[in-house]
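Next comes data-v8.cif, with mmCIF, C-alpha atoms.
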data_run
#
loop_
_atom_site.group_PDB
_atom_site.id
_atom_site.type_symbol
_atom_site.label_atom_id
_atom_site.label_comp_id
_atom_site.auth_asym_id
_atom_site.auth_seq_id
_atom_site.Cartn_x
_atom_site.Cartn_y
_atom_site.Cartn_z
ATOM 1 C CA MET M 549 23.755 30.761 23.260
ATOM 2 C CA HIS M 550 25.562 31.686 20.059
ATOM 3 C CA SER M 551 24.410 34.464 17.822
ATOM 4 C CA TYR M 552 25.025 33.895 14.145
ATOM 5 C CA GLY M 553 25.529 36.694 11.657
ATOM 6 C CA THR M 554 23.248 35.321 8.969
ATOM 7 C CA ASP M 555 20.756 32.511 8.560
ATOM 8 C CA ILE M 556 23.228 30.802 6.230
ATOM 9 C CA GLU M 557 25.881 30.757 8.990
ATOM 10 C CA ALA M 558 23.274 29.476 11.439
ATOM 11 C CA ALA M 559 22.231 26.741 8.993
ATOM 12 C CA ASP M 560 25.862 25.641 8.612
ATOM 13 C CA ALA M 561 26.257 25.605 12.396
ATOM 14 C CA LEU M 562 23.079 23.550 12.795
ATOM 15 C CA LYS M 563 24.359 20.907 10.395
ATOM 16 C CA VAL M 564 27.625 20.622 12.372
ATOM 17 C CA GLN M 565 25.854 20.529 15.735
ATOM 18 C CA ALA M 566 23.312 17.936 14.599
ATOM 19 C CA ALA M 567 26.184 15.699 13.485
ATOM 20 C CA ALA M 568 27.789 16.178 16.914
ATOM 21 C CA ILE M 569 24.486 15.252 18.610
ATOM 22 C CA ARG M 570 24.246 12.058 16.555
ATOM 23 C CA LYS M 571 27.861 11.181 17.374
ATOM 24 C CA ALA M 572 27.337 11.736 21.118
ATOM 25 C CA ILE M 573 24.141 9.658 21.152
ATOM 26 C CA GLY M 574 25.983 6.940 19.230
ATOM 27 C CA LYS M 575 28.330 6.482 22.205
ATOM 28 C CA VAL M 576 25.390 5.152 24.207
ATOM 29 C CA ILE M 577 22.861 3.955 21.637
ATOM 30 C CA VAL M 578 24.024 1.392 19.104
ATOM 31 C CA GLY M 579 22.376 1.637 15.672
ATOM 32 C CA GLN M 580 18.911 3.257 15.446
ATOM 33 C CA GLU M 581 20.399 6.091 13.333
ATOM 34 C CA ASP M 582 17.126 6.638 11.501
ATOM 35 C CA VAL M 583 15.142 6.879 14.751
ATOM 36 C CA VAL M 584 17.669 9.332 16.242
ATOM 37 C CA GLU M 585 17.533 11.504 13.116
ATOM 38 C CA LYS M 586 13.717 11.648 13.188
ATOM 39 C CA LEU M 587 13.666 12.573 16.892
ATOM 40 C CA ILE M 588 16.211 15.374 16.327
ATOM 41 C CA ILE M 589 14.088 16.694 13.445
ATOM 42 C CA ALA M 590 10.913 16.569 15.561
ATOM 43 C CA ILE M 591 12.575 18.522 18.380
ATOM 44 C CA LEU M 592 13.909 21.146 15.943
ATOM 45 C CA CYS M 593 10.419 21.455 14.406
ATOM 46 C CA ASN M 594 8.833 21.853 17.847
ATOM 47 C CA GLY M 595 6.764 18.711 17.262
ATOM 48 C CA HIS M 596 6.105 15.612 19.364
ATOM 49 C CA SER M 597 6.794 11.996 18.445
ATOM 50 C CA LEU M 598 5.245 8.617 18.989
ATOM 51 C CA LEU M 599 7.652 5.670 19.233
ATOM 52 C CA VAL M 600 6.239 2.247 18.548
ATOM 53 C CA GLY M 601 8.209 -0.889 19.336
ATOM 54 C CA VAL M 602 8.264 -3.971 21.513
ATOM 55 C CA PRO M 603 9.603 -3.628 25.096
ATOM 56 C CA GLY M 604 13.329 -3.839 25.703
ATOM 57 C CA LEU M 605 14.603 -1.852 22.725
ATOM 58 C CA ALA M 606 16.133 0.902 24.920
ATOM 59 C CA LYS M 607 13.456 3.514 24.256
ATOM 60 C CA THR M 608 13.921 5.077 27.706
ATOM 61 C CA LEU M 609 17.704 5.068 27.403
ATOM 62 C CA LEU M 610 17.451 6.669 23.956
ATOM 63 C CA VAL M 611 15.270 9.539 25.154
ATOM 64 C CA LYS M 612 17.285 10.085 28.319
ATOM 65 C CA THR M 613 20.475 10.219 26.241
ATOM 66 C CA ILE M 614 18.977 12.817 23.885
ATOM 67 C CA ALA M 615 17.962 14.925 26.914
ATOM 68 C CA ASP M 616 21.506 14.654 28.344
ATOM 69 C CA VAL M 617 23.206 15.644 25.099
ATOM 70 C CA LEU M 618 20.845 18.610 24.662
ATOM 71 C CA ASP M 619 21.234 19.603 28.325
ATOM 72 C CA LEU M 620 17.467 19.519 28.907
ATOM 73 C CA SER M 621 15.442 18.438 31.928
ATOM 74 C CA PHE M 622 13.920 15.007 31.522
ATOM 75 C CA LYS M 623 11.029 13.204 33.207
ATOM 76 C CA ARG M 624 9.647 9.760 32.562
ATOM 77 C CA ILE M 625 5.977 9.040 33.233
ATOM 78 C CA GLN M 626 4.980 5.389 33.307
ATOM 79 C CA PHE M 627 1.379 5.179 32.141
ATOM 80 C CA THR M 628 -0.755 2.615 33.961
ATOM 81 C CA PRO M 629 -4.513 1.885 34.015
ATOM 82 C CA ASP M 630 -4.887 3.677 37.382
ATOM 83 C CA LEU M 631 -2.931 6.843 36.518
ATOM 84 C CA MET M 632 -4.948 10.044 37.070
ATOM 85 C CA PRO M 633 -4.655 13.325 35.130
ATOM 86 C CA SER M 634 -3.343 15.038 38.300
ATOM 87 C CA ASP M 635 -0.479 12.499 38.406
ATOM 88 C CA ILE M 636 0.755 14.098 35.174
ATOM 89 C CA VAL M 637 -0.062 17.797 35.355
ATOM 90 C CA GLY M 638 0.058 18.246 39.128
ATOM 91 C CA ALA M 639 -2.531 19.066 41.782
ATOM 92 C CA GLU M 640 -3.600 21.759 44.215
ATOM 93 C CA ILE M 641 -3.073 20.813 47.839
ATOM 94 C CA LEU M 642 -3.793 22.589 51.120
ATOM 95 C CA ASN M 643 -0.482 23.612 52.659
ATOM 96 C CA GLU M 644 0.277 24.190 56.347
ATOM 97 C CA GLN M 645 -0.943 27.805 56.108
ATOM 98 C CA ARG M 646 -4.345 26.489 54.921
ATOM 99 C CA HIS M 647 -3.750 27.974 51.477
ATOM 100 C CA PHE M 648 -4.080 26.071 48.234
ATOM 101 C CA GLN M 649 -0.749 25.494 46.615
ATOM 102 C CA PHE M 650 -0.136 24.011 43.173
ATOM 103 C CA ILE M 651 2.378 21.179 43.186
ATOM 104 C CA LYS M 652 3.711 20.743 39.651
ATOM 105 C CA GLY M 653 3.490 17.291 38.118
ATOM 106 C CA PRO M 654 6.173 15.568 36.025
ATOM 107 C CA ILE M 655 4.927 17.251 32.836
ATOM 108 C CA PHE M 656 6.958 20.336 33.855
ATOM 109 C CA ALA M 657 10.182 19.286 32.117
ATOM 110 C CA ASN M 658 11.708 19.917 28.671
ATOM 111 C CA ILE M 659 11.562 16.336 27.483
ATOM 112 C CA ILE M 660 8.816 13.995 28.655
ATOM 113 C CA LEU M 661 8.909 10.295 28.019
ATOM 114 C CA ALA M 662 5.299 9.140 28.198
ATOM 115 C CA ASP M 663 5.881 5.430 28.469
ATOM 116 C CA GLU M 664 3.181 3.049 27.208
ATOM 117 C CA ILE M 665 0.638 5.791 26.632
ATOM 118 C CA ASN M 666 -1.857 3.218 25.373
ATOM 119 C CA ARG M 667 -2.033 1.555 28.814
ATOM 120 C CA THR M 668 -3.893 4.447 30.437
ATOM 121 C CA PRO M 669 -7.587 5.369 30.098
ATOM 122 C CA PRO M 670 -8.718 8.165 27.731
ATOM 123 C CA LYS M 671 -9.138 10.799 30.477
ATOM 124 C CA THR M 672 -5.468 10.572 31.442
ATOM 125 C CA GLN M 673 -4.307 10.395 27.811
ATOM 126 C CA ALA M 674 -6.331 13.564 27.156
ATOM 127 C CA ALA M 675 -4.602 15.447 30.010
ATOM 128 C CA LEU M 676 -1.215 14.769 28.444
ATOM 129 C CA LEU M 677 -2.369 15.550 24.909
ATOM 130 C CA GLU M 678 -3.982 18.810 25.967
ATOM 131 C CA ALA M 679 -0.761 19.941 27.645
ATOM 132 C CA MET M 680 1.159 18.951 24.481
ATOM 133 C CA GLN M 681 -1.140 21.019 22.307
ATOM 134 C CA GLU M 682 -1.570 24.094 24.528
ATOM 135 C CA ARG M 683 1.915 23.975 26.074
ATOM 136 C CA ASN M 684 0.408 25.063 29.367
ATOM 137 C CA VAL M 685 -1.591 23.650 32.274
ATOM 138 C CA THR M 686 -4.569 25.227 34.042
ATOM 139 C CA ALA M 687 -5.152 24.474 37.717
ATOM 140 C CA GLY M 688 -7.560 26.274 40.019
ATOM 141 C CA GLY M 689 -8.094 28.959 37.386
ATOM 142 C CA THR M 690 -4.372 29.763 37.107
ATOM 143 C CA LEU M 691 -2.394 29.199 33.932
ATOM 144 C CA TYR M 692 1.046 27.596 34.294
ATOM 145 C CA LYS M 693 3.299 27.686 31.238
ATOM 146 C CA LEU M 694 5.288 24.572 30.462
ATOM 147 C CA PRO M 695 9.043 25.059 29.987
ATOM 148 C CA ALA M 696 10.360 25.685 26.482
ATOM 149 C CA PRO M 697 11.542 23.769 24.562
ATOM 150 C CA PHE M 698 8.883 21.175 25.346
ATOM 151 C CA PHE M 699 8.940 17.805 23.645
ATOM 152 C CA VAL M 700 6.808 14.749 24.355
ATOM 153 C CA LEU M 701 7.981 11.383 23.220
ATOM 154 C CA ALA M 702 5.224 8.862 23.819
ATOM 155 C CA THR M 703 5.917 5.163 23.470
ATOM 156 C CA GLN M 704 3.336 2.621 22.503
ATOM 157 C CA ASN M 705 3.649 -1.106 22.534
ATOM 158 C CA PRO M 706 2.166 -2.686 19.432
ATOM 159 C CA ILE M 707 -1.609 -2.784 19.854
ATOM 160 C CA GLU M 708 -1.894 -6.584 19.725
ATOM 161 C CA GLN M 709 -0.965 -6.669 23.410
ATOM 162 C CA GLU M 710 -3.983 -6.837 25.672
ATOM 163 C CA GLY M 711 -5.098 -4.319 28.273
ATOM 164 C CA THR M 712 -4.524 -1.307 26.029
ATOM 165 C CA TYR M 713 -6.532 1.792 25.129
ATOM 166 C CA PRO M 714 -5.559 2.741 21.575
ATOM 167 C CA LEU M 715 -5.197 6.491 20.966
ATOM 168 C CA PRO M 716 -8.053 7.970 18.900
ATOM 169 C CA GLU M 717 -7.176 9.327 15.440
ATOM 170 C CA ALA M 718 -7.694 12.959 16.507
ATOM 171 C CA GLN M 719 -5.123 12.485 19.270
ATOM 172 C CA LEU M 720 -2.658 10.610 17.077
ATOM 173 C CA ASP M 721 -2.786 13.647 14.782
ATOM 174 C CA ARG M 722 -1.095 15.744 17.506
ATOM 175 C CA PHE M 723 2.106 13.792 17.007
ATOM 176 C CA MET M 724 4.328 15.062 14.230
ATOM 177 C CA PHE M 725 5.956 11.667 13.649
ATOM 178 C CA GLN M 726 5.302 8.063 14.376
ATOM 179 C CA VAL M 727 8.658 6.317 14.460
ATOM 180 C CA THR M 728 8.984 2.554 14.517
ATOM 181 C CA LEU M 729 11.793 0.839 16.412
ATOM 182 C CA ASP M 730 13.046 -2.446 15.042
ATOM 183 C CA TYR M 731 15.127 -5.191 16.616
ATOM 184 C CA PRO M 732 18.887 -4.633 16.265
ATOM 185 C CA SER M 733 20.914 -6.560 13.706
ATOM 186 C CA PHE M 734 23.171 -9.402 14.906
ATOM 187 C CA ALA M 735 26.328 -7.229 14.943
ATOM 188 C CA GLU M 736 24.473 -4.388 16.708
ATOM 189 C CA GLU M 737 23.076 -6.711 19.357
ATOM 190 C CA VAL M 738 26.530 -8.169 20.071
ATOM 191 C CA MET M 739 27.813 -4.626 20.550
ATOM 192 C CA ILE M 740 24.824 -3.653 22.749
ATOM 193 C CA VAL M 741 25.368 -6.648 25.012
ATOM 194 C CA ARG M 742 29.113 -5.955 25.219
ATOM 195 C CA ASN M 743 28.534 -2.277 26.102
ATOM 196 C CA THR M 744 25.747 -2.808 28.621
ATOM 197 C CA THR M 745 27.305 -5.658 30.594
ATOM 198 C CA SER M 746 30.636 -3.980 31.284
ATOM 199 C CA ALA M 747 31.564 -1.443 33.951
ATOM 200 C CA ASN M 748 32.472 1.554 31.808
ATOM 201 C CA VAL M 749 29.931 4.362 31.439
ATOM 202 C CA PRO M 750 30.474 6.658 28.442
ATOM 203 C CA GLU M 751 31.017 10.350 29.209
ATOM 204 C CA LEU M 752 28.457 12.453 27.363
ATOM 205 C CA SER M 753 29.283 15.977 26.262
ATOM 206 C CA LYS M 754 26.535 18.591 26.092
ATOM 207 C CA VAL M 755 26.170 19.672 22.489
ATOM 208 C CA MET M 756 23.299 22.184 22.591
ATOM 209 C CA THR M 757 21.277 24.133 25.118
ATOM 210 C CA GLY M 758 17.560 24.818 25.337
ATOM 211 C CA GLU M 759 18.207 28.366 24.074
ATOM 212 C CA ASP M 760 20.047 27.029 21.020
ATOM 213 C CA ILE M 761 17.142 24.707 20.258
ATOM 214 C CA GLN M 762 14.624 27.550 20.410
ATOM 215 C CA TYR M 763 16.870 29.616 18.122
ATOM 216 C CA PHE M 764 17.130 26.767 15.601
ATOM 217 C CA GLN M 765 13.368 26.100 15.807
ATOM 218 C CA GLU M 766 12.838 29.671 14.564
ATOM 219 C CA LEU M 767 15.536 29.199 11.916
ATOM 220 C CA VAL M 768 13.767 26.088 10.548
ATOM 221 C CA ARG M 769 10.570 28.115 10.113
ATOM 222 C CA ARG M 770 12.471 30.791 8.159
ATOM 223 C CA VAL M 771 13.732 28.315 5.540
ATOM 224 C CA PRO M 772 12.186 29.216 2.153
ATOM 225 C CA VAL M 773 10.238 26.530 0.283
ATOM 226 C CA PRO M 774 9.777 26.503 -3.502
ATOM 227 C CA ASP M 775 6.149 26.339 -4.711
ATOM 228 C CA ASN M 776 6.613 23.022 -6.486
ATOM 229 C CA VAL M 777 7.764 21.419 -3.206
ATOM 230 C CA LEU M 778 4.770 22.821 -1.297
ATOM 231 C CA GLU M 779 2.437 21.581 -4.011
ATOM 232 C CA TYR M 780 4.081 18.163 -4.005
ATOM 233 C CA ALA M 781 3.525 17.821 -0.234
ATOM 234 C CA VAL M 782 -0.126 18.868 -0.435
ATOM 235 C CA SER M 783 -0.865 16.631 -3.421
ATOM 236 C CA LEU M 784 0.797 13.683 -1.652
ATOM 237 C CA VAL M 785 -1.478 14.196 1.371
ATOM 238 C CA GLN M 786 -4.555 14.634 -0.833
ATOM 239 C CA LYS M 787 -3.778 11.318 -2.522
ATOM 240 C CA THR M 788 -4.505 9.601 0.814
ATOM 241 C CA ARG M 789 -8.079 10.949 1.017
ATOM 242 C CA PRO M 790 -10.874 8.827 -0.440
ATOM 243 C CA GLY M 791 -13.346 11.196 -2.086
ATOM 244 C CA SER M 792 -10.854 13.960 -2.938
ATOM 245 C CA ASN M 793 -10.159 14.874 -6.567
ATOM 246 C CA ASN M 794 -6.510 13.816 -6.452
ATOM 247 C CA VAL M 795 -7.050 10.535 -4.603
ATOM 248 C CA ALA M 796 -4.796 7.623 -5.600
ATOM 249 C CA ALA M 797 -6.393 4.364 -6.767
ATOM 250 C CA ALA M 798 -4.765 2.458 -3.898
ATOM 251 C CA ALA M 799 -6.272 4.913 -1.396
ATOM 252 C CA THR M 800 -9.816 4.495 -2.739
ATOM 253 C CA GLN M 801 -9.403 0.761 -2.439
ATOM 254 C CA TYR M 802 -7.668 0.426 0.938
ATOM 255 C CA ILE M 803 -7.959 3.635 3.007
ATOM 256 C CA ALA M 804 -10.897 4.445 5.299
ATOM 257 C CA TYR M 805 -9.674 7.929 6.307
ATOM 258 C CA GLY M 806 -6.837 9.920 4.824
ATOM 259 C CA ALA M 807 -4.498 12.443 6.420
ATOM 260 C CA GLY M 808 -5.652 15.962 7.363
ATOM 261 C CA PRO M 809 -3.950 19.320 6.703
ATOM 262 C CA ARG M 810 -1.612 18.851 9.680
ATOM 263 C CA ALA M 811 0.132 16.189 7.611
ATOM 264 C CA SER M 812 0.941 18.714 4.867
ATOM 265 C CA GLN M 813 2.239 21.198 7.458
ATOM 266 C CA TYR M 814 4.467 18.606 9.126
ATOM 267 C CA LEU M 815 5.744 17.294 5.771
ATOM 268 C CA ILE M 816 6.938 20.800 4.896
ATOM 269 C CA LEU M 817 8.326 21.650 8.345
ATOM 270 C CA GLY M 818 10.121 18.301 8.496
ATOM 271 C CA ALA M 819 11.447 18.765 4.944
ATOM 272 C CA LYS M 820 12.861 22.198 5.869
ATOM 273 C CA CYS M 821 14.744 20.710 8.807
ATOM 274 C CA HIS M 822 15.836 17.629 6.846
ATOM 275 C CA ALA M 823 17.262 19.943 4.182
ATOM 276 C CA LEU M 824 19.260 21.949 6.756
ATOM 277 C CA LEU M 825 20.670 18.801 8.368
ATOM 278 C CA ASN M 826 21.819 17.687 4.933
ATOM 279 C CA GLY M 827 23.545 20.962 4.099
ATOM 280 C CA LYS M 828 20.837 22.423 1.838
ATOM 281 C CA TYR M 829 19.331 25.870 2.384
ATOM 282 C CA SER M 830 15.944 25.003 0.913
ATOM 283 C CA PRO M 831 14.047 21.685 0.733
ATOM 284 C CA ASP M 832 13.396 19.787 -2.477
ATOM 285 C CA ILE M 833 10.957 16.978 -3.242
ATOM 286 C CA GLU M 834 13.403 14.374 -1.910
ATOM 287 C CA ASP M 835 13.249 16.031 1.539
ATOM 288 C CA VAL M 836 9.447 15.773 1.511
ATOM 289 C CA ARG M 837 9.657 12.106 0.496
ATOM 290 C CA ALA M 838 12.054 11.428 3.373
ATOM 291 C CA MET M 839 9.396 12.701 5.800
ATOM 292 C CA ALA M 840 6.446 10.866 4.223
ATOM 293 C CA MET M 841 6.646 7.656 6.240
ATOM 294 C CA PRO M 842 6.887 9.076 9.787
ATOM 295 C CA VAL M 843 4.335 11.827 9.053
ATOM 296 C CA LEU M 844 1.717 9.712 7.270
ATOM 297 C CA ARG M 845 2.090 6.359 9.006
ATOM 298 C CA HIS M 846 -0.321 7.145 11.856
ATOM 299 C CA ARG M 847 -2.622 9.420 9.830
ATOM 300 C CA VAL M 848 -3.702 6.912 7.211
ATOM 301 C CA LEU M 849 -6.442 4.640 8.517
ATOM 302 C CA ARG M 850 -6.795 1.360 6.625
ATOM 303 C CA ASN M 851 -10.223 -0.088 5.823
ATOM 304 C CA TYR M 852 -11.322 -3.688 6.432
ATOM 305 C CA LYS M 853 -10.266 -4.755 2.939
ATOM 306 C CA ALA M 854 -6.682 -3.626 3.593
ATOM 307 C CA GLU M 855 -6.623 -5.378 6.981
ATOM 308 C CA ALA M 856 -8.114 -8.538 5.506
ATOM 309 C CA GLU M 857 -5.500 -8.590 2.742
ATOM 310 C CA GLY M 858 -2.699 -7.784 5.190
ATOM 311 C CA ILE M 859 -1.752 -4.531 3.480
ATOM 312 C CA THR M 860 0.204 -2.317 5.897
ATOM 313 C CA GLN M 861 0.211 1.485 6.162
ATOM 314 C CA GLU M 862 3.852 1.398 5.074
ATOM 315 C CA ALA M 863 3.021 -0.497 1.894
ATOM 316 C CA LEU M 864 0.242 1.963 1.064
ATOM 317 C CA ILE M 865 2.474 5.006 1.616
ATOM 318 C CA LYS M 866 5.188 3.445 -0.560
ATOM 319 C CA GLN M 867 2.586 3.014 -3.315
ATOM 320 C CA LEU M 868 1.526 6.654 -3.010
ATOM 321 C CA LEU M 869 5.153 7.735 -3.301
#

Spell out the structure here as structure tokens.
Amino acid sequence: MHSYGTDIEAADALKVQAAAIRKAIGKVIVGQEDVVEKLIIAILCNGHSLLVGVPGLAKTLLVKTIADVLDLSFKRIQFTPDLMPSDIVGAEILNEQRHFQFIKGPIFANIILADEINRTPPKTQAALLEAMQERNVTAGGTLYKLPAPFFVLATQNPIEQEGTYPLPEAQLDRFMFQVTLDYPSFAEEVMIVRNTTSANVPELSKVMTGEDIQYFQELVRRVPVPDNVLEYAVSLVQKTRPGSNNVAAAATQYIAYGAGPRASQYLILGAKCHALLNGKYSPDIEDVRAMAMPVLRHRVLRNYKAEAEGITQEALIKQLL
């Protein structure tokens, strides 16, 4: 754990360390720079992320690599239709001395990969989401704190696939970002296949510790924000809400529900971190705009007209911007 003289020195150090994290991850993960950047920002903002993409795009490898580089404990939970809440948070069992003993579930790690969260029924989804929100687990009347930092990365296969339980809007709102993974380009895929079918395993250096992350999470919150940037973020979110005074024409036409106040909070927090990673000591409107897509994508609910006309959330957010 380093101690920095001033916030400015800490901000400079964060920029350097974030670049080192990206470089280390790049040894294992080809491409996906945008996804990596968003996940680093979410961790530094103490938020959780939802990753949406078809199977086979190295989501697990990506998250495991981030955990390695940050020297954090990592657990992967594969969500299935028969998974129970106790399979995630843990359960009380009778031990040999006939006393109840709490056996911790896989949620007790720094980074959790909740794989295919939309394959499990609502009761089990709720157990995970409650732990994410409260950052603790209650069992048999005792409160168990989850380790800090604590970051959940849930993956979702695109909803068209059958046998899925889509997350309700209120639960989607707990995720700071929704990040979409795309197929690699031709050159990237050639490189991926070359790297993954040979015998050499890249050596990963640890760039940060859990203590550093907690320090930088506090630093991000201390970043000052000009009023015009705050107002821009709030007015952008209000534009998504049919029925509000500032609503955009496109929203009235195509949006069923707009984003709530959490969106404005995450836009500003994300913008603060984005500014630091880009060597600025305070965010401007461009930093807010850079966060708009991952923050708003899962908070803007299209109406039937939008679905019928094939208008995507992304297209709507671009119009609002």

| Looking at only C-alpha atoms, which of M:Val583, M:Ala811, M:Ile740, M:Met756 is the one that sits closest to Gln565 in chain M? | M:Met756

| task | Check what the PyMOL selection byres ((chain M and resi 591) around 10) selects in the file above and give those residues as a list in words. | result | Lys586, Leu587, Ile588, Ile589, Ala590, Leu592, Cys593, Asn594, Gly595, His596, Ser597, Ile659, Pro697, Phe698, Phe699, Val700, Leu701, Met724, Ile761, Gln762, Phe764 and Gln765 of chain M

| field | Minimum-distance residue to Leu599 in chain M, chosen among M:Pro706, M:Gly858, M:Pro831, M:Pro714 (using all atoms listed in the file) | value |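 For Leu599 in chain M, the nearest of the given residues is M:Pro706.
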
| CA of Arg742 in chain M to CA of Val564 in chain M, straight-line distance in Å | 29.6 Å

| said: At a cut-off of 12 Å, using all atoms listed in the file, what residues contact Thr744 in chain M? Leave out same-chain residues fewer than 6 positions from it and give the result as a PyMOL selection string. | reply: chain M and resi 575-578+606+609+737-738+750

Prev. selection, C-alpha atoms, output as a compact mmCIF listing (two decimals), in the frame of the given file:
# COMPACT_ATOMS: atom_id res chain seq x y z
CA LYS M 575 28.33 6.48 22.20
CA VAL M 576 25.39 5.15 24.21
CA ILE M 577 22.86 3.96 21.64
CA VAL M 578 24.02 1.39 19.10
CA ALA M 606 16.13 0.90 24.92
CA LEU M 609 17.70 5.07 27.40
CA GLU M 737 23.08 -6.71 19.36
CA VAL M 738 26.53 -8.17 20.07
CA PRO M 750 30.47 6.66 28.44

| field | Residues within 10 Å of range 800-807 of chain M, only C-alpha atoms, excluding chain neighbours under 6 positions, as a ChimeraX atom specification | value | /M:717,721,784-792,843-855,857,859-861,864

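Excluding Ala558 in chain M itself and same-chain residues fewer than 6 positions from it, the residues having an atom within 12 Å of it are M:Met549, M:His550, M:Ser551, M:Tyr552, M:Val564, M:Gln565, M:Ala566, M:Asp760, M:Ile761, M:Tyr763, M:Phe764, M:Gln765, M:Glu766, M:Leu767, M:Val768, M:Arg770, M:Val771, M:Leu824, M:Leu825, M:Gly827, M:Tyr829, counting all atoms listed in the file.
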
| task | Could you tell me which residues the PyMOL selection byres ((chain M and resi 774) around 8) grabs in this file, written as a PyMOL selection string? | result | chain M and resi 772-773+775-778+830-832

| said: I'd like the interatomic distance between CA of Leu676 in chain M and CA of Ala838 in chain M, to a tenth of an Å. | reply: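 Atom-to-atom, CA of Leu676 in chain M to CA of Ala838 in chain M, that is 28.6 Å.
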
Taking all atoms of range 563-571 of chain M that appear in the file, build a box with edges along x, y and z, extend it by 4 Å on every side, and state its centre and edge lengths in Å to one decimal, as AutoDock Vina command-line options.
--center_x 25.6 --center_y 16.0 --center_z 14.5 --size_x 12.5 --size_y 17.7 --size_z 16.2

| query | With distances taken over all atoms listed in the file, which of M:Asp560, M:Glu834, M:Asp582, M:Glu759 is nearest to Asp619 in chain M? | reply | M:Glu759

| request: Excluding Ser753 in chain M and any residue of its chain fewer than 6 positions from it, enumerate the residues within 12 Å of it, using all atoms listed in the file, and give them as a ChimeraX atom specification. | output: /M:565,568-576,613-619

| task | Considering all atoms listed in the file, state which residue in the set M:Thr728, M:Thr690, M:Gln813, M:Thr757 is at the smallest distance from Phe648 in chain M. | result |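 Smallest separation from Phe648 in chain M among the options: M:Thr690.
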
| Quick one: of M:Leu620, M:Leu610, M:Leu598, M:Ala781, who's nearest to Thr703 in chain M, counting only C-alpha atoms? |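 That would be M:Leu598, the residue with the smallest distance to Thr703 in chain M.
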
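Between Met841 in chain M and the residues M:Tyr814, M:Tyr780, M:Tyr731, M:Phe725, the shortest atom-to-atom distance, using only C-alpha atoms, involves M:Phe725.
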
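The space between CA of Glu640 in chain M and CA of Glu682 in chain M spans 19.9 Å.
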
| query | Hey, what's within 7 Å of Met839 in chain M if we count all atoms listed in the file and toss same-chain stuff fewer than 6 positions away? As JSON, numbers by chain, please? | reply | {"M": [815, 818, 819]}
